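Notes follow once the structure below has been shown.
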Amino acid sequence: MTVELNLTRDPAHLRHGSNIGQPLTRTEGVLKVTGKARYAADNHPPGMVYAVIATSCIARGRVKSLDVAAARRHPGVIDVMTPAHKPPLAEDPDAKGNPFAFRMELLQSDEVRYANQAIAVVIAETLEAATEGAALLSPRYQVEIARVGLDATEAYAPPVVGIGNPAEVRHGDIDAGFAAASKRIDATYQTPAQYHNAMEPHAIVAVWDGDRLFLDTPSQGMAMAQMRIAGLFGIPPGNIHINSPFLGGGFGSKGLVSGPQVLGVMAAKLVGRPVKLVLRRSQMYGPVGHRSATRQRIRIGSDDAGQLTVIDHEARITTSSFDDFYEPAADASHTLYASPAIRTAHEAVRVDTGTPLFMRAPGEATGSIVLESAIDEAAFACGIDPLEFRLKNYAEVEPTTGKPFSSKALRQCYAKAAERFGWAGRPLQPKQMRDENGFLVGWGMGTATFPALMFQGNARAVIRADGRGVMESGAHDMGQGAWTALTQISADALALDLEQISFLSGTSDLPDAGIAGGSAHTATVGAAIHNAGAAVIAKLAELATSDQRSPLFGAGNAGVVARAGRLHRRDDDARSESYAEILARAGVAEVEASGTGAADPAAQSQYAMHAHGAVFAEVKVDPELGQIRATRLVGAFAAGRIINPLMVQSQLRGGMIWGLSFALHEEAVMDHRSGRILNANLAEYHVPVNADVPPMDVITVDEHDPHVNPLGIKGVGEIGITGSAGAVANAVFHATGIRVRNFPIKIEEIVMGLG
Amino acid sequence: MMNFDYVRPANVADAITAASEKGASYLASGTNLLDLMKGGVSRPSRLVDVTRLPGLDRIEHLADGSLRIGALVRNADLAHDAEFARNYPAVAEALLSGASAQLRNAATVGGNLMQRTRCAYFYDAGSACNRRWPGAGCDALKGENRLHAVLGWSEGCIATHPSDFCVPLVAFDAIVEIEGKGGRRELPLEALHRLPGDAPEHETALERGDLIVALRLPANAKNFAGHARYIKVRERTSYAFAVVSAAAALRIEDGRIHEARLALGGVAAKPWRSREAEQVLAGAAPDTTVYREAARAALAEAKPSGDNAFKIELAQRIVVRALTLAAAGTPDRIAALPGSPFSSVAGA
């Protein structure tokens with residue numbers, strides 16, 4: 001609750017306290033468990049009708065005909081939107097205005113680019129009528145052969161990977177690294193396409209009022225959505241009002257507004273009525289992004305003592321035939337291990353799918369499972385314990401850049417997690433441990449890492465005549481706990497109790513909070529809130545210290561400190577005045593100020609900024625039947641300042657379960673001839689169920705980072721997957737002696753391998 | 001979805017009349033049918049809701065020692081009936097290994113018998129499927145088929161039957177009671193589901209209007225209660241269909257297997273009873289050597305229908321495991337993770 005004002009003199013992160021760090025339960029929890037939290041698809045404005053997308057069942061070709069008449073004849077159908085019948089757009093949906101403007105299918109042509117692409121939209125009085133109308137369209141196609149899989153087309157070097165990263169990075173002398181190696185690993189791994197599968201499907205309720213547009217739709221980035229929609233419809237962004245108070249998960253798939261959401265807006269325009277459009281589960285496998293399939297060759301060299309001499313990590317990744325997103329899979333090898341020579345390189349293959357996009361830990365998830373498996377292979381080849389091997393190659397500075405880390409408590413993570421797990425005494429050889437029932441037992445580990453990113457976000461702070469505070473920022477709660485964590489930061493920023501402040505969020509009518517992605521939202525918006533709070537208190541201090549009637553007169557801004565709704569003189573704590581008293585005397589109804597959170601380029605150029613962690617896994621394997629069961633997961637993470645331990649634990653657990661899923665369960669199965677996904681449903685697209693989730697232990701390791709941002713936050717949204725996936729895969733090897741390099745690990749590999 | 005009539009008949013006779021019309025389909029809890037309708041795979045013009053039919057939700061002990069289970073008894077209710085679980089532990093174990101708790105609470109015994117294959121090509125309206133469209137071909141045959149049939153399949157269809165429940169039922173000679181236009185008749189469950197042959201679209205022996213009203217377990221099924229298990233390998237611990245499963249039941253007297261029952265799930269278009277294996281076991285001393293021989297006999301005719309040769313090996317190992325566990329004796333109660341190799345009393 002204390003805010004000091006001289007931001008330049010003392011590191012700000014040292015001053016927060018009473019609210020930040022507390023395990024507050026979700027501020028919106030009661031709303032959610034009582035069903036009162038209103039998600040986008042819960043909205044029913046008067047006169048609303050339903051839109052249903054008709055999707056392509058071919059992956060490549062053209063729509064030759066649609067039986068629009070049959071759909072229109074169906075009772076309740078109002079209109080059928082097709083390439084020939086749709087409202088005009090002000091912008092080509094295939095135009096590339098900026099790297100984040102991904103091409104979308106808005107019925108601009110009869111071309112089909114992937115299975116499940118929208119080819120028409122039926123609008124009807126009821127959901128059932130619209131659904132049947134879409135079925136009655138009975139499309140006929142001109143089919144072209146679908147390009148499926150990692151060998152479908154000629155591979156090429158992408159211009160960049162991820163967000164502007166170079167496709168190839170070289171550090172040190174690669175040839176010398178190989179020449180110096182006495183132990184070499186050369187392994188090729190594959191990871192499948194995966195889909196975000198947020199519980200809440202993409203949904204939109206769109207209401208036009210002249211050239212103003214009101215949208216209820218889940219968004220991880222409302223301001224970017226405003227910009228995109230504004231461009232497409234030729235209206236000012238400020239005319240678009242987006243409500244997105246709650247997301248039922250996003251994981252990156254709601255970071256950018258998707259084609260189907262825009263189709264809902266077009267449908268509302270076409271029929272002149274409010275429209276609701278909700279994707280069916282199966283329709284989420286295509287137009288809203290996915291994780292690329294990858295094939296990664298990794299070569300690791302070391303000397304006999306296990307000192308790395310080279311890491312050469314090459315990734316082949318799939319992208320769509322019509323746009324450019326490149327999963328930065330190999331980049332996972334940049335930061336973790338101190339090798340004198342590191343090379344990462346990417347090549348891409350165009351296939352007939354929707355464009356892959358950011359999916360929780362993009363690059364790190366796909367790359368980490370491969371790097372951590374290969375490090376395990378390298379340690380085994382040297383006959384060294386996997387933890388000892390990692391400690392031997394511990395990076396004291398970022399290997400590829402030579403920069404010092406802004407903070408790095410990875411050693412403590414290794415130590416704490418290993419101790420909690422009971423790693424000591426693990427046999428080096430696989431297939432050595434059995435439990436009392438005869439099941440094979442294996443222990444594996446992985447290192448977790450994710451960059452500590454910052455985007456740009458804004459907040460507005462107000463202190464009112466009654467001494468209460470308001471903090472506003474159009475932030476995004478995907479379930480990660482933004483409402484709660486940002487409320488805590490707001491209270492500390494305003495030096496008020498939680499009960500004395502209101503935190504307003506979840507709508508585009510509030511200051512732009514940037515994008516909830518890259519594990520950067522709390523850091524970014526938290527910094528904006530921190531700065532807005534400091535600025536509004538500075539204004540308050542200005543009023544007090546320049547007023548002769550105030551006990552604070554003459555102290556100057558730097559001479560006062562805010563605490564519990566009062567300003568105190570720094571040199572005489574007894575001389576103080578409440579916010580309400582200051583405003584009343586000044587005759588001012590309220591003071592307000594804005595703040596921005598953004599990366600500090602100077603700090604970024606000086607330091608490498610990453611969160612780290614260590615994950616240890618135990619699996620049991622049936623020695624005859626090959627079924628695998630994870631039985632323990634222990635993770636320790638160092639991610640800067642922890643704003644709310646409850647939310648953070650939840651994020652890390654969720655990530656670790658996703659890592660388990662990556663290793664053992666998750667995969668989109670695509671027919672190699674048609675390019676259609678065969679398991680586009682939650683019955684057959686397997687993610688772990690409760691019975692698959694073992695007892696988990698999540699440890700957070702304190703880390704004070706004065707460089708990443710004013711609050712010292714690194715972010716925890718994505719790091720949980722990294723490390724965990726590799727730890728589980730390595731535990732399977734340790735249990736069975738079988739190194740499976742195709743993920744997810746399938747039962748046939750174990751059954752046939754156990755012989 | 002398409003418009004359809006919905007009728008809720010007051011008695012079985014009215015139900016049969018209502019369902020005898022072309023395009024009509026019975027609806028029980030709809031845990032499978034409604035998904036098929038939403039996906040456009042099934043497009044019935046009339047749904048005949050049988051859930052309110054009187055008298056079909058009872059478990060009755062008949063005078064001859066057999067057990068009669070009404071078609072509308074819910075899967076969860078049956079599995080949690082203490083006497084049922086005591087007398088037919090492998091059946092209860094199979095029931096509890098299936099689907100999820102929510103689905104088991106809704107799904108009915110009759111509906112479980114009638115559930116359709118989970119072959120992805122059957123569900124994918126864009127694919128060729130002889131079950132959906134006779135003569136269209138089978139896209140599963142050269143498609144993604146690592147989980148498809150290894151026994152009893154044809155070039156026309158390589159799909160498997162997904163039920164867990166039916167596997168021990170065929171092992172115990174369960175009888176299906178059917179009401180139809182011609183009155184009441186009975187059929188061994190083993191004869192209800194058909195192998196695809198050259199007519200995969202004929203999935204069962206039922207005729208239009210036929211309604212399953214009850215399932216009967218004969219008196220001698222109880223004799224196996226001391227040595228009966230169901231083991232299921234799947235790709236996650238719950239809410240997944242079997243890769244391969246097996247029900248094994250033994251009658252052991254004086255250190256010898258007096259009588260054996262064995263059936264496999266996930267290997268064919270029907271729950272697969274193996275009398276060949278049972279013959280190998282009958283009269284033998286219960287040991288691993290004879291279990292292996294029985295397993296070889298059960299899978300002797302198996303051949304891969306695609307990328308699924310591993311299932312032949314896995315099925316044999318599951319047979320050995322199921323027999324080993326059955327011989328060891330049925331646990332006093334069904335442990336957590338029913339059917340799983342990791343069920344805490346499964347041992348190994």
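Starting from 1 in every chain, residues are counted up; chains themselves are A, B, ... following the order of the structure tokens, and ligands are numbered from 1 as listed.
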From a backbone DSSP assignment, name each residue in stretch 33-215 of chain B labelled strand (DSSP E), as a ChimeraX atom specification.
/B:46-49,59-61,67-70,175-180,183-188,211-215
Could you give me, as a PyMOL selection string, the residues within 9 Å of stretch 151-158 of chain B, counting only C-alpha atoms and dropping anything in the same chain fewer than 3 positions from it?
chain B and resi 119+129-131+135+137-141+145+148+195-200+267-270+272+299+301-306+312
With N, CA and C atoms retained, could you export that selection as a PDB file, in the first residue's frame?
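File out_13.pdb, as written:
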```
ATOM      1  N   CYS B 119     -15.149 -45.066 -35.814  1.00  0.00           N
ATOM      2  CA  CYS B 119     -14.281 -44.834 -36.980  1.00  0.00           C
ATOM      3  C   CYS B 119     -14.446 -43.385 -37.450  1.00  0.00           C
ATOM      4  N   CYS B 129     -17.681 -43.962 -46.975  1.00  0.00           N
ATOM      5  CA  CYS B 129     -17.925 -44.938 -45.913  1.00  0.00           C
ATOM      6  C   CYS B 129     -19.076 -45.831 -46.346  1.00  0.00           C
ATOM      7  N   ASN B 130     -18.785 -47.106 -46.416  1.00  0.00           N
ATOM      8  CA  ASN B 130     -19.818 -48.056 -46.833  1.00  0.00           C
ATOM      9  C   ASN B 130     -20.936 -48.218 -45.806  1.00  0.00           C
ATOM     10  N   ARG B 131     -20.653 -47.866 -44.584  1.00  0.00           N
ATOM     11  CA  ARG B 131     -21.723 -47.946 -43.578  1.00  0.00           C
ATOM     12  C   ARG B 131     -22.729 -46.829 -43.805  1.00  0.00           C
ATOM     13  N   GLY B 135     -21.675 -48.952 -50.865  1.00  0.00           N
ATOM     14  CA  GLY B 135     -21.052 -48.894 -52.189  1.00  0.00           C
ATOM     15  C   GLY B 135     -20.109 -47.721 -52.372  1.00  0.00           C
ATOM     16  N   GLY B 137     -17.412 -47.039 -50.782  1.00  0.00           N
ATOM     17  CA  GLY B 137     -16.008 -47.357 -50.530  1.00  0.00           C
ATOM     18  C   GLY B 137     -15.651 -47.078 -49.080  1.00  0.00           C
ATOM     19  N   CYS B 138     -14.403 -47.410 -48.735  1.00  0.00           N
ATOM     20  CA  CYS B 138     -13.959 -47.248 -47.350  1.00  0.00           C
ATOM     21  C   CYS B 138     -12.674 -46.432 -47.326  1.00  0.00           C
ATOM     22  N   ASP B 139     -12.782 -45.183 -46.899  1.00  0.00           N
ATOM     23  CA  ASP B 139     -11.589 -44.333 -46.846  1.00  0.00           C
ATOM     24  C   ASP B 139     -10.678 -44.693 -45.680  1.00  0.00           C
ATOM     25  N   ALA B 140     -11.199 -45.470 -44.742  1.00  0.00           N
ATOM     26  CA  ALA B 140     -10.333 -45.872 -43.622  1.00  0.00           C
ATOM     27  C   ALA B 140      -9.279 -46.872 -44.085  1.00  0.00           C
ATOM     28  N   LEU B 141      -9.596 -47.616 -45.138  1.00  0.00           N
ATOM     29  CA  LEU B 141      -8.760 -48.743 -45.538  1.00  0.00           C
ATOM     30  C   LEU B 141      -7.311 -48.333 -45.797  1.00  0.00           C
ATOM     31  N   ASN B 145      -5.471 -45.504 -39.788  1.00  0.00           N
ATOM     32  CA  ASN B 145      -6.194 -46.682 -39.306  1.00  0.00           C
ATOM     33  C   ASN B 145      -5.405 -47.470 -38.262  1.00  0.00           C
ATOM     34  N   HIS B 148      -7.819 -49.462 -36.055  1.00  0.00           N
ATOM     35  CA  HIS B 148      -8.924 -50.199 -36.685  1.00  0.00           C
ATOM     36  C   HIS B 148      -8.820 -51.712 -36.450  1.00  0.00           C
ATOM     37  N   LEU B 195     -20.563 -58.841 -38.567  1.00  0.00           N
ATOM     38  CA  LEU B 195     -19.295 -58.486 -39.221  1.00  0.00           C
ATOM     39  C   LEU B 195     -19.629 -57.853 -40.570  1.00  0.00           C
ATOM     40  N   PRO B 196     -18.736 -57.019 -41.069  1.00  0.00           N
ATOM     41  CA  PRO B 196     -19.115 -56.215 -42.242  1.00  0.00           C
ATOM     42  C   PRO B 196     -19.323 -57.033 -43.517  1.00  0.00           C
ATOM     43  N   GLY B 197     -18.448 -57.999 -43.764  1.00  0.00           N
ATOM     44  CA  GLY B 197     -18.576 -58.756 -45.014  1.00  0.00           C
ATOM     45  C   GLY B 197     -18.738 -57.817 -46.194  1.00  0.00           C
ATOM     46  N   ASP B 198     -19.689 -58.142 -47.074  1.00  0.00           N
ATOM     47  CA  ASP B 198     -19.901 -57.248 -48.216  1.00  0.00           C
ATOM     48  C   ASP B 198     -21.115 -56.350 -47.989  1.00  0.00           C
ATOM     49  N   ALA B 199     -21.609 -56.283 -46.755  1.00  0.00           N
ATOM     50  CA  ALA B 199     -22.735 -55.381 -46.472  1.00  0.00           C
ATOM     51  C   ALA B 199     -22.510 -54.676 -45.134  1.00  0.00           C
ATOM     52  N   PRO B 200     -21.493 -53.829 -45.065  1.00  0.00           N
ATOM     53  CA  PRO B 200     -21.170 -53.189 -43.778  1.00  0.00           C
ATOM     54  C   PRO B 200     -22.312 -52.337 -43.235  1.00  0.00           C
ATOM     55  N   VAL B 267     -11.227 -54.889 -31.400  1.00  0.00           N
ATOM     56  CA  VAL B 267     -10.490 -55.620 -32.435  1.00  0.00           C
ATOM     57  C   VAL B 267     -11.319 -55.911 -33.685  1.00  0.00           C
ATOM     58  N   ALA B 268     -12.652 -55.785 -33.573  1.00  0.00           N
ATOM     59  CA  ALA B 268     -13.513 -56.185 -34.688  1.00  0.00           C
ATOM     60  C   ALA B 268     -14.787 -55.352 -34.680  1.00  0.00           C
ATOM     61  N   ALA B 269     -15.603 -55.548 -35.681  1.00  0.00           N
ATOM     62  CA  ALA B 269     -16.852 -54.811 -35.792  1.00  0.00           C
ATOM     63  C   ALA B 269     -17.880 -55.283 -34.780  1.00  0.00           C
ATOM     64  N   LYS B 270     -17.531 -56.303 -34.035  1.00  0.00           N
ATOM     65  CA  LYS B 270     -18.410 -56.769 -32.979  1.00  0.00           C
ATOM     66  C   LYS B 270     -17.557 -57.164 -31.780  1.00  0.00           C
ATOM     67  N   TRP B 272     -15.791 -59.571 -29.605  1.00  0.00           N
ATOM     68  CA  TRP B 272     -15.223 -60.780 -30.222  1.00  0.00           C
ATOM     69  C   TRP B 272     -15.049 -61.886 -29.198  1.00  0.00           C
ATOM     70  N   LEU B 299      -6.067 -64.953 -31.445  1.00  0.00           N
ATOM     71  CA  LEU B 299      -5.659 -64.024 -32.501  1.00  0.00           C
ATOM     72  C   LEU B 299      -5.142 -64.753 -33.734  1.00  0.00           C
ATOM     73  N   GLU B 301      -6.447 -65.882 -36.336  1.00  0.00           N
ATOM     74  CA  GLU B 301      -6.977 -65.438 -37.641  1.00  0.00           C
ATOM     75  C   GLU B 301      -6.755 -63.941 -37.870  1.00  0.00           C
ATOM     76  N   ALA B 302      -6.116 -63.275 -36.929  1.00  0.00           N
ATOM     77  CA  ALA B 302      -5.997 -61.814 -37.035  1.00  0.00           C
ATOM     78  C   ALA B 302      -5.038 -61.422 -38.137  1.00  0.00           C
ATOM     79  N   LYS B 303      -5.392 -60.341 -38.812  1.00  0.00           N
ATOM     80  CA  LYS B 303      -4.439 -59.723 -39.731  1.00  0.00           C
ATOM     81  C   LYS B 303      -4.648 -58.210 -39.721  1.00  0.00           C
ATOM     82  N   PRO B 304      -3.555 -57.473 -39.928  1.00  0.00           N
ATOM     83  CA  PRO B 304      -3.681 -56.015 -39.869  1.00  0.00           C
ATOM     84  C   PRO B 304      -4.562 -55.502 -41.006  1.00  0.00           C
ATOM     85  N   SER B 305      -5.347 -54.479 -40.717  1.00  0.00           N
ATOM     86  CA  SER B 305      -6.124 -53.839 -41.780  1.00  0.00           C
ATOM     87  C   SER B 305      -5.456 -52.536 -42.209  1.00  0.00           C
ATOM     88  N   GLY B 306      -4.307 -52.262 -41.642  1.00  0.00           N
ATOM     89  CA  GLY B 306      -3.584 -51.020 -41.951  1.00  0.00           C
ATOM     90  C   GLY B 306      -2.383 -50.934 -41.035  1.00  0.00           C
ATOM     91  N   ILE B 312      -2.383 -56.720 -32.807  1.00  0.00           N
ATOM     92  CA  ILE B 312      -2.424 -58.183 -32.714  1.00  0.00           C
ATOM     93  C   ILE B 312      -1.537 -58.644 -31.562  1.00  0.00           C
TER      94      ILE B 312
END
```
At a cut-off of 12 Å, using only C-alpha atoms, what residues contact B:Ala63? Leave out same-chain residues fewer than 3 positions from it and give the result as a compact mmCIF listing (two decimals) with N, CA, C and O atoms, in the first residue's frame.
```txt
# COMPACT_ATOMS: atom_id res chain seq x y z
N GLU B 60 -34.21 -57.47 -12.76
CA GLU B 60 -35.04 -58.53 -12.16
C GLU B 60 -34.26 -59.83 -12.05
O GLU B 60 -33.58 -60.23 -13.00
N SER B 66 -31.44 -66.57 -13.79
CA SER B 66 -30.87 -65.58 -14.71
C SER B 66 -31.24 -64.17 -14.25
O SER B 66 -32.09 -63.99 -13.37
N LEU B 67 -30.58 -63.22 -14.84
CA LEU B 67 -30.80 -61.81 -14.48
C LEU B 67 -31.33 -61.09 -15.71
O LEU B 67 -30.77 -61.21 -16.81
N ARG B 68 -32.41 -60.33 -15.51
CA ARG B 68 -33.00 -59.59 -16.63
C ARG B 68 -32.81 -58.11 -16.36
O ARG B 68 -33.23 -57.59 -15.33
N PRO B 218 -27.57 -65.32 -18.39
CA PRO B 218 -28.01 -66.63 -17.93
C PRO B 218 -27.45 -66.98 -16.55
O PRO B 218 -26.46 -66.40 -16.10
N ALA B 219 -28.09 -67.94 -15.92
CA ALA B 219 -27.76 -68.27 -14.53
C ALA B 219 -26.28 -68.64 -14.36
O ALA B 219 -25.64 -68.26 -13.38
```
Only residues of chain B matter here; which ones have an atom within 7 Å of chain A, counting only C-alpha atoms? Give them as a CSV table (one decimal) with N, CA and C atoms, in the first residue's frame.
```
chain,number,residue,atom,x,y,z
B,1,MET,N,-29.8,-28.2,-37.1
B,1,MET,CA,-30.0,-29.6,-37.7
B,1,MET,C,-31.3,-29.7,-38.4
B,2,MET,N,-31.5,-30.8,-39.1
B,2,MET,CA,-32.8,-30.9,-39.9
B,2,MET,C,-34.0,-31.0,-39.0
B,120,ALA,N,-13.3,-42.7,-37.5
B,120,ALA,CA,-13.4,-41.3,-37.9
B,120,ALA,C,-14.0,-41.0,-39.3
B,126,GLY,N,-17.4,-36.0,-45.2
B,126,GLY,CA,-16.7,-35.9,-46.5
B,126,GLY,C,-16.0,-37.1,-46.9
B,143,GLY,N,-6.3,-45.2,-45.0
B,143,GLY,CA,-6.2,-43.9,-44.3
B,143,GLY,C,-5.5,-44.0,-43.0
B,144,GLU,N,-6.0,-43.2,-42.0
B,144,GLU,CA,-5.4,-43.2,-40.7
B,144,GLU,C,-6.1,-44.4,-39.9
B,233,VAL,N,-6.9,-51.3,-22.5
B,233,VAL,CA,-5.8,-50.4,-22.8
B,233,VAL,C,-6.3,-49.2,-23.6
B,236,ARG,N,-5.8,-42.6,-22.9
B,236,ARG,CA,-5.7,-41.8,-21.7
B,236,ARG,C,-6.5,-42.6,-20.7
B,237,THR,N,-6.4,-42.2,-19.4
B,237,THR,CA,-6.9,-43.1,-18.4
B,237,THR,C,-8.4,-43.2,-18.2
B,238,SER,N,-9.1,-42.2,-18.7
B,238,SER,CA,-10.6,-42.2,-18.7
B,238,SER,C,-11.1,-41.5,-19.9
B,310,PHE,N,0.4,-53.8,-34.5
B,310,PHE,CA,0.7,-53.9,-33.1
B,310,PHE,C,-0.5,-54.3,-32.3
B,314,LEU,N,-0.6,-56.7,-29.1
B,314,LEU,CA,-1.1,-56.1,-27.8
B,314,LEU,C,-2.3,-56.9,-27.4
B,317,ARG,N,-1.2,-59.9,-25.5
B,317,ARG,CA,-0.7,-59.6,-24.2
B,317,ARG,C,-1.9,-59.3,-23.2
B,318,ILE,N,-2.9,-58.6,-23.8
B,318,ILE,CA,-4.0,-58.3,-22.9
B,318,ILE,C,-4.8,-59.6,-22.5
B,347,GLY,N,-2.5,-55.3,-10.0
B,347,GLY,CA,-1.2,-56.1,-9.9
B,347,GLY,C,-0.6,-56.3,-11.2
B,348,ALA,N,0.4,-57.1,-11.2
B,348,ALA,CA,1.1,-57.4,-12.5
B,348,ALA,C,2.2,-58.4,-12.2
```
For stretch 8-17 of chain B, find every residue with an atom within 12 Å (counting only C-alpha atoms), except residues of its own chain fewer than 2 positions away, and show them as a PyMOL selection string.
chain B and resi 5-6+19-22+24-28+46-56+71+178-184+207-213
Proximity check stretch 148-207 of chain A to stretch 379-389 of chain A, 12 Å, nearest pairs one decimal Å, only C-alpha atoms, as a tab-separated table:
```
residue	atom	partner	partner_atom	distance
A:Ala181	CA	A:Cys382	CA	11.3
A:Ser182	CA	A:Cys382	CA	9.4
A:Lys183	CA	A:Ala381	CA	6.9
A:Arg184	CA	A:Ala381	CA	8.1
A:Ile185	CA	A:Ala381	CA	8.0
A:Asp186	CA	A:Ala381	CA	11.5
```
Restrict the selected residues to N, CA and C atoms and save them as a PDB file, in the first residue's frame.
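Listed below is the output, selection-v8.pdb:
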```
ATOM      1  N   ALA A 181      34.089 -32.496 -30.475  1.00  0.00           N
ATOM      2  CA  ALA A 181      33.208 -33.401 -29.729  1.00  0.00           C
ATOM      3  C   ALA A 181      33.717 -34.830 -29.787  1.00  0.00           C
ATOM      4  N   SER A 182      33.705 -35.481 -28.629  1.00  0.00           N
ATOM      5  CA  SER A 182      33.990 -36.919 -28.630  1.00  0.00           C
ATOM      6  C   SER A 182      32.703 -37.720 -28.499  1.00  0.00           C
ATOM      7  N   LYS A 183      31.653 -37.079 -28.031  1.00  0.00           N
ATOM      8  CA  LYS A 183      30.323 -37.707 -27.983  1.00  0.00           C
ATOM      9  C   LYS A 183      29.391 -36.880 -28.860  1.00  0.00           C
ATOM     10  N   ARG A 184      28.656 -37.566 -29.705  1.00  0.00           N
ATOM     11  CA  ARG A 184      27.751 -36.829 -30.590  1.00  0.00           C
ATOM     12  C   ARG A 184      26.370 -37.457 -30.576  1.00  0.00           C
ATOM     13  N   ILE A 185      25.371 -36.606 -30.519  1.00  0.00           N
ATOM     14  CA  ILE A 185      23.973 -37.020 -30.671  1.00  0.00           C
ATOM     15  C   ILE A 185      23.481 -36.433 -31.980  1.00  0.00           C
ATOM     16  N   ASP A 186      22.829 -37.240 -32.793  1.00  0.00           N
ATOM     17  CA  ASP A 186      22.221 -36.754 -34.031  1.00  0.00           C
ATOM     18  C   ASP A 186      20.851 -37.400 -34.112  1.00  0.00           C
TER      19      ASP A 186
END
```
Residues at most 7 Å from B:Gly70, counting only C-alpha atoms, excluding those fewer than 2 positions away in the same chain, as number ranges by chain?
B: 56-59, 68, 72-73, 213-215
Name all residues at most 12 Å from stretch 89-92 of chain B (count only C-alpha atoms; drop same-chain ones fewer than 5 positions away) and give them as an MDAnalysis selection string.
chainID B and resid 75:84 97:98 104 109 163:172 174 217 221:232 245:250 261:263 322:323 325:326 329:335 338:339
Please report the interatomic distance between atom CA of B:Leu189 and atom CA of B:Ala94 in Å with one decimal.
16.0 Å
Residue among A:Pro159, A:Pro430, A:Gly654, A:Gly61 lying closest to A:Gly737, counting only C-alpha atoms:
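Smallest separation from A:Gly737 among the options: A:Pro430.
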Find the spatial neighbours of A:Asp175, counting only C-alpha atoms, within a cut-off of 12 Å - ignore same-chain residues fewer than 2 positions away - and output them as a list in words.
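Answer for this query is Arg170, His171, Gly172, Asp173, Gly177, Phe178, Ala179, Ala180, Ala181, Arg299, Ile300, Gly301, Thr309, Val310, Ile311, Asp312, Pro340, Ala341, Ile342 and Arg343 of chain A.
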If you run DSSP over the backbone, which residues in stretch 15-60 of chain B end up helix (DSSP H, G or I)? Put them as an MDAnalysis selection string.
chainID B and resid 15:19 33:38
Tell me which of A:Glu154, A:Glu666, A:Glu590, A:Glu364 sits closest to A:Val462, counting only C-alpha atoms.
A:Glu590
